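Written out below as structure tokens is the structure these notes cover.
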Amino acid sequence: MRLILLGPPGAGKGTQAKKLIECFGIPQLSTGDMLRAAVAAQSEIGLRAKEIMSSGKLVSDDVVIQIVAERIEQPDCAEGFILDGFPRTLAQADATETMLKGKGLELDHVIEMRVEDDELVRRVAGRFSCAHCGASYNDQDHRPKVEGVCDKCGHSDFTRRPDDNAETMRTRLKAYYKETAPLVGYYYCKGILQFVDGMKPIDEVFADISSVVAPRSSSGNP
Ligand code: AMP
């Protein structure tokens with residue numbers, strides 16, 4: 001299954017992708033995560049991307065297309081993948097189609113996750129994650145059960161993304177509406193777009209996504 005999760009920052013794409021990995025056993029390809037890893041490794045791409053990312057603007061198409069083209073060649077993508085945060089522009093969407101066509105493949109689903117702007121800003125401004133296992137939390141409605149200790153792995157180092165602040169979020173939202181939202185029409189015209197209400201609680205959103213991608217097994221068994 002080859003699936004795109006489409007939605008603005010804070011829509012819950014990463015959260016839902018992690019649940020889909022558990023359920024369907026296919027990898028999550030997050031260009032944001034890949035770029036952050038490149039920044040941390042101080043690679044050439046990372047050095048080029050760092051400032052752009054912290055301003056909330058988009059990294060150039062050729063860089064992200066190259067990263068994804070290399071990643072989908074890996075053996076763990078043979079049965080499919082979940083694209084999270086990619087494509088983000090029409091040029092990236094065209095490149096995705098060309099990449100897949102070259103392999104005789106196509107996309108199965110594009111799921112647009114709709115969330116109101118006020119809620120996006122609230123979620124992003126409050127989010128943090130475990131530096132050890134990546135589990136996500138939120139200041140307001142999802143703190144660790146024991147303060148300062150990760151529910152999942154028990155470590156006590158937490159981290160916040162430098163671009164998760166109100167000012168950068170405004171730029172990121174503008175980039176979404178200007179560059180990425182046109183993909184809704186693009187995939188609608190291809191007949192593979194469906195939307196879910198991302199305002200619902202995480203498990204309900206997951207049930208809705210499951211019923212789109214595996215209609216006969218929406219109970220959770222693929
Ligand atoms: P994300 O983790 O998806 O919110 O991405 C964080 C930042 O990485 C974005 O604000 C962009 O600067 C950059 N980025 C991630 N994916 C892409 C993409 N597909 N195209 C361009 N820039 C991207």
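We name chains A, B, ... following the order of the structure tokens; residues begin at 1 in each chain, and ligands are numbered from 1 as shown.
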
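Once stretch 62-73 of chain A and its same-chain neighbours fewer than 4 positions away are set aside, A:Leu29, A:Thr31, A:Met34, A:Ile45, A:Cys77, A:Ala78, A:Gln92, A:Ala95, A:Thr96, A:Met99 remain within 8 Å of it when counting only C-alpha atoms.
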
Next, the residues of the selection above should be written as a PDB file, in the first residue's frame with N, CA, C and O atoms.
```
ATOM      1  N   LEU A  29       7.682   7.461   5.732  1.00  0.00           N
ATOM      2  CA  LEU A  29       8.747   8.271   5.120  1.00  0.00           C
ATOM      3  C   LEU A  29       8.420   9.730   5.396  1.00  0.00           C
ATOM      4  O   LEU A  29       7.604  10.339   4.694  1.00  0.00           O
ATOM      5  N   THR A  31       9.720  13.368   5.360  1.00  0.00           N
ATOM      6  CA  THR A  31      10.828  14.202   4.870  1.00  0.00           C
ATOM      7  C   THR A  31      11.303  15.146   5.975  1.00  0.00           C
ATOM      8  O   THR A  31      12.484  15.462   6.062  1.00  0.00           O
ATOM      9  N   MET A  34      13.658  13.120   8.030  1.00  0.00           N
ATOM     10  CA  MET A  34      14.897  12.861   7.285  1.00  0.00           C
ATOM     11  C   MET A  34      15.769  14.119   7.239  1.00  0.00           C
ATOM     12  O   MET A  34      16.982  14.056   7.385  1.00  0.00           O
ATOM     13  N   ILE A  45      23.417  18.316   2.869  1.00  0.00           N
ATOM     14  CA  ILE A  45      21.985  18.652   2.780  1.00  0.00           C
ATOM     15  C   ILE A  45      21.522  19.322   4.066  1.00  0.00           C
ATOM     16  O   ILE A  45      20.801  20.320   4.047  1.00  0.00           O
ATOM     17  N   CYS A  77      10.719  -0.676   1.590  1.00  0.00           N
ATOM     18  CA  CYS A  77       9.618   0.024   0.910  1.00  0.00           C
ATOM     19  C   CYS A  77       8.958  -0.842  -0.161  1.00  0.00           C
ATOM     20  O   CYS A  77       8.037  -0.375  -0.840  1.00  0.00           O
ATOM     21  N   ALA A  78       9.442  -2.080  -0.299  1.00  0.00           N
ATOM     22  CA  ALA A  78       8.952  -2.929  -1.392  1.00  0.00           C
ATOM     23  C   ALA A  78       7.440  -3.151  -1.324  1.00  0.00           C
ATOM     24  O   ALA A  78       6.764  -3.207  -2.343  1.00  0.00           O
ATOM     25  N   GLN A  92       6.700  18.406  -6.464  1.00  0.00           N
ATOM     26  CA  GLN A  92       6.999  17.163  -5.727  1.00  0.00           C
ATOM     27  C   GLN A  92       5.961  16.087  -6.045  1.00  0.00           C
ATOM     28  O   GLN A  92       6.277  14.895  -6.129  1.00  0.00           O
ATOM     29  N   ALA A  95       6.788  14.692  -9.388  1.00  0.00           N
ATOM     30  CA  ALA A  95       7.987  13.841  -9.290  1.00  0.00           C
ATOM     31  C   ALA A  95       7.625  12.492  -8.656  1.00  0.00           C
ATOM     32  O   ALA A  95       8.147  11.451  -9.066  1.00  0.00           O
ATOM     33  N   THR A  96       6.720  12.507  -7.681  1.00  0.00           N
ATOM     34  CA  THR A  96       6.299  11.251  -7.037  1.00  0.00           C
ATOM     35  C   THR A  96       5.659  10.332  -8.069  1.00  0.00           C
ATOM     36  O   THR A  96       5.954   9.139  -8.135  1.00  0.00           O
ATOM     37  N   MET A  99       8.324   8.942 -10.354  1.00  0.00           N
ATOM     38  CA  MET A  99       9.133   7.914  -9.662  1.00  0.00           C
ATOM     39  C   MET A  99       8.391   6.590  -9.629  1.00  0.00           C
ATOM     40  O   MET A  99       8.940   5.544  -9.911  1.00  0.00           O
TER      41      MET A  99
END
```

Each residue of chain A with at least one atom at most 8 Å from ligand 1 should appear once, together with its nearest atom pair and the corresponding distance in Å (one decimal); atoms considered: only C-alpha atoms and all ligand atoms; ordering: chain, then increasing residue number; output as JSON lines.
```
{"residue": "A:Pro9", "atom": "CA", "partner": "ligand 1", "partner_atom_place_in_ligand_line": "4 (O)", "distance": 5.4}
{"residue": "A:Gly10", "atom": "CA", "partner": "ligand 1", "partner_atom_place_in_ligand_line": "4 (O)", "distance": 7.8}
{"residue": "A:Ser30", "atom": "CA", "partner": "ligand 1", "partner_atom_place_in_ligand_line": "3 (O)", "distance": 6.6}
{"residue": "A:Thr31", "atom": "CA", "partner": "ligand 1", "partner_atom_place_in_ligand_line": "16 (N)", "distance": 4.3}
{"residue": "A:Gly32", "atom": "CA", "partner": "ligand 1", "partner_atom_place_in_ligand_line": "2 (O)", "distance": 3.5}
{"residue": "A:Asp33", "atom": "CA", "partner": "ligand 1", "partner_atom_place_in_ligand_line": "2 (O)", "distance": 5.8}
{"residue": "A:Leu35", "atom": "CA", "partner": "ligand 1", "partner_atom_place_in_ligand_line": "8 (O)", "distance": 6.2}
{"residue": "A:Arg36", "atom": "CA", "partner": "ligand 1", "partner_atom_place_in_ligand_line": "8 (O)", "distance": 7.3}
{"residue": "A:Ala49", "atom": "CA", "partner": "ligand 1", "partner_atom_place_in_ligand_line": "12 (O)", "distance": 7.3}
{"residue": "A:Ile52", "atom": "CA", "partner": "ligand 1", "partner_atom_place_in_ligand_line": "12 (O)", "distance": 5.6}
{"residue": "A:Met53", "atom": "CA", "partner": "ligand 1", "partner_atom_place_in_ligand_line": "12 (O)", "distance": 3.6}
{"residue": "A:Ser54", "atom": "CA", "partner": "ligand 1", "partner_atom_place_in_ligand_line": "12 (O)", "distance": 6.9}
{"residue": "A:Ser55", "atom": "CA", "partner": "ligand 1", "partner_atom_place_in_ligand_line": "12 (O)", "distance": 7.3}
{"residue": "A:Gly56", "atom": "CA", "partner": "ligand 1", "partner_atom_place_in_ligand_line": "10 (O)", "distance": 4.5}
{"residue": "A:Lys57", "atom": "CA", "partner": "ligand 1", "partner_atom_place_in_ligand_line": "12 (O)", "distance": 4.9}
{"residue": "A:Leu58", "atom": "CA", "partner": "ligand 1", "partner_atom_place_in_ligand_line": "22 (N)", "distance": 3.7}
{"residue": "A:Val59", "atom": "CA", "partner": "ligand 1", "partner_atom_place_in_ligand_line": "22 (N)", "distance": 3.8}
{"residue": "A:Ser60", "atom": "CA", "partner": "ligand 1", "partner_atom_place_in_ligand_line": "21 (C)", "distance": 5.8}
{"residue": "A:Asp61", "atom": "CA", "partner": "ligand 1", "partner_atom_place_in_ligand_line": "20 (N)", "distance": 6.0}
{"residue": "A:Val64", "atom": "CA", "partner": "ligand 1", "partner_atom_place_in_ligand_line": "20 (N)", "distance": 5.7}
{"residue": "A:Ile65", "atom": "CA", "partner": "ligand 1", "partner_atom_place_in_ligand_line": "19 (N)", "distance": 7.7}
{"residue": "A:Asp84", "atom": "CA", "partner": "ligand 1", "partner_atom_place_in_ligand_line": "3 (O)", "distance": 6.8}
{"residue": "A:Gly85", "atom": "CA", "partner": "ligand 1", "partner_atom_place_in_ligand_line": "3 (O)", "distance": 4.4}
{"residue": "A:Phe86", "atom": "CA", "partner": "ligand 1", "partner_atom_place_in_ligand_line": "19 (N)", "distance": 4.0}
{"residue": "A:Pro87", "atom": "CA", "partner": "ligand 1", "partner_atom_place_in_ligand_line": "19 (N)", "distance": 5.0}
{"residue": "A:Arg88", "atom": "CA", "partner": "ligand 1", "partner_atom_place_in_ligand_line": "19 (N)", "distance": 4.7}
{"residue": "A:Thr89", "atom": "CA", "partner": "ligand 1", "partner_atom_place_in_ligand_line": "20 (N)", "distance": 7.0}
{"residue": "A:Gln92", "atom": "CA", "partner": "ligand 1", "partner_atom_place_in_ligand_line": "19 (N)", "distance": 7.2}
{"residue": "A:Asp163", "atom": "CA", "partner": "ligand 1", "partner_atom_place_in_ligand_line": "10 (O)", "distance": 7.3}
{"residue": "A:Arg172", "atom": "CA", "partner": "ligand 1", "partner_atom_place_in_ligand_line": "10 (O)", "distance": 5.7}
```

Using only C-alpha atoms, which protein or nucleic acid residues come within 9 Å of A:Glu97? Drop anything in the same chain fewer than 5 positions from it, and give the result as a list of chain:residue names. A:Gln92, A:Gly102, A:Leu105, A:Glu106, A:Leu107

Same residues, all heavy atoms, output as a PDB file, in the first residue's frame:
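What ended up in again22.pdb:
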```pdb
ATOM      1  N   GLN A  92       6.700  18.406  -6.464  1.00  0.00           N
ATOM      2  CA  GLN A  92       6.999  17.163  -5.727  1.00  0.00           C
ATOM      3  C   GLN A  92       5.961  16.087  -6.045  1.00  0.00           C
ATOM      4  O   GLN A  92       6.277  14.895  -6.129  1.00  0.00           O
ATOM      5  CB  GLN A  92       7.040  17.424  -4.222  1.00  0.00           C
ATOM      6  CG  GLN A  92       8.205  18.301  -3.795  1.00  0.00           C
ATOM      7  CD  GLN A  92       8.186  18.631  -2.304  1.00  0.00           C
ATOM      8  OE1 GLN A  92       7.575  17.944  -1.495  1.00  0.00           O
ATOM      9  NE2 GLN A  92       8.863  19.706  -1.931  1.00  0.00           N
ATOM     10  N   GLY A 102       7.825   4.884 -13.062  1.00  0.00           N
ATOM     11  CA  GLY A 102       9.067   4.244 -13.513  1.00  0.00           C
ATOM     12  C   GLY A 102       9.227   2.842 -12.954  1.00  0.00           C
ATOM     13  O   GLY A 102       9.971   2.020 -13.482  1.00  0.00           O
ATOM     14  N   LEU A 105       4.406   1.348 -10.605  1.00  0.00           N
ATOM     15  CA  LEU A 105       3.572   1.430  -9.400  1.00  0.00           C
ATOM     16  C   LEU A 105       2.721   2.688  -9.422  1.00  0.00           C
ATOM     17  O   LEU A 105       2.971   3.607 -10.192  1.00  0.00           O
ATOM     18  CB  LEU A 105       4.468   1.475  -8.147  1.00  0.00           C
ATOM     19  CG  LEU A 105       5.411   0.301  -7.932  1.00  0.00           C
ATOM     20  CD1 LEU A 105       6.366   0.587  -6.786  1.00  0.00           C
ATOM     21  CD2 LEU A 105       4.625  -0.982  -7.662  1.00  0.00           C
ATOM     22  N   GLU A 106       1.735   2.727  -8.546  1.00  0.00           N
ATOM     23  CA  GLU A 106       0.985   3.982  -8.368  1.00  0.00           C
ATOM     24  C   GLU A 106       0.546   4.143  -6.920  1.00  0.00           C
ATOM     25  O   GLU A 106       0.664   3.207  -6.116  1.00  0.00           O
ATOM     26  CB  GLU A 106      -0.204   4.050  -9.324  1.00  0.00           C
ATOM     27  CG  GLU A 106      -1.116   2.867  -9.281  1.00  0.00           C
ATOM     28  CD  GLU A 106      -2.193   2.936 -10.380  1.00  0.00           C
ATOM     29  OE1 GLU A 106      -1.923   3.526 -11.453  1.00  0.00           O
ATOM     30  OE2 GLU A 106      -3.277   2.431 -10.124  1.00  0.00           O
ATOM     31  N   LEU A 107       0.065   5.346  -6.618  1.00  0.00           N
ATOM     32  CA  LEU A 107      -0.422   5.609  -5.254  1.00  0.00           C
ATOM     33  C   LEU A 107      -1.778   4.946  -5.054  1.00  0.00           C
ATOM     34  O   LEU A 107      -2.593   4.904  -5.977  1.00  0.00           O
ATOM     35  CB  LEU A 107      -0.600   7.115  -5.057  1.00  0.00           C
ATOM     36  CG  LEU A 107       0.664   7.946  -4.936  1.00  0.00           C
ATOM     37  CD1 LEU A 107       0.313   9.428  -5.063  1.00  0.00           C
ATOM     38  CD2 LEU A 107       1.352   7.673  -3.597  1.00  0.00           C
TER      39      LEU A 107
END
```

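Atom CA of A:Ala166 lies 18.4 Å from atom CA of A:Lys50.
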
What's around A:Asp76 at 8 Å? Count only C-alpha atoms, leave out sequence neighbours fewer than 2 positions away in its own chain, and write the answer as a PyMOL selection string. chain A and resi 26-27+74+78-79

Surrounding residues of A:Glu119 excluding itself and chain neighbours under 5 positions, 10 Å, only C-alpha atoms, as a count of residues only: 5

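With atom CA of A:Met113 on one side and atom CA of A:Pro162 on the other, the separation reads 23.6 Å.
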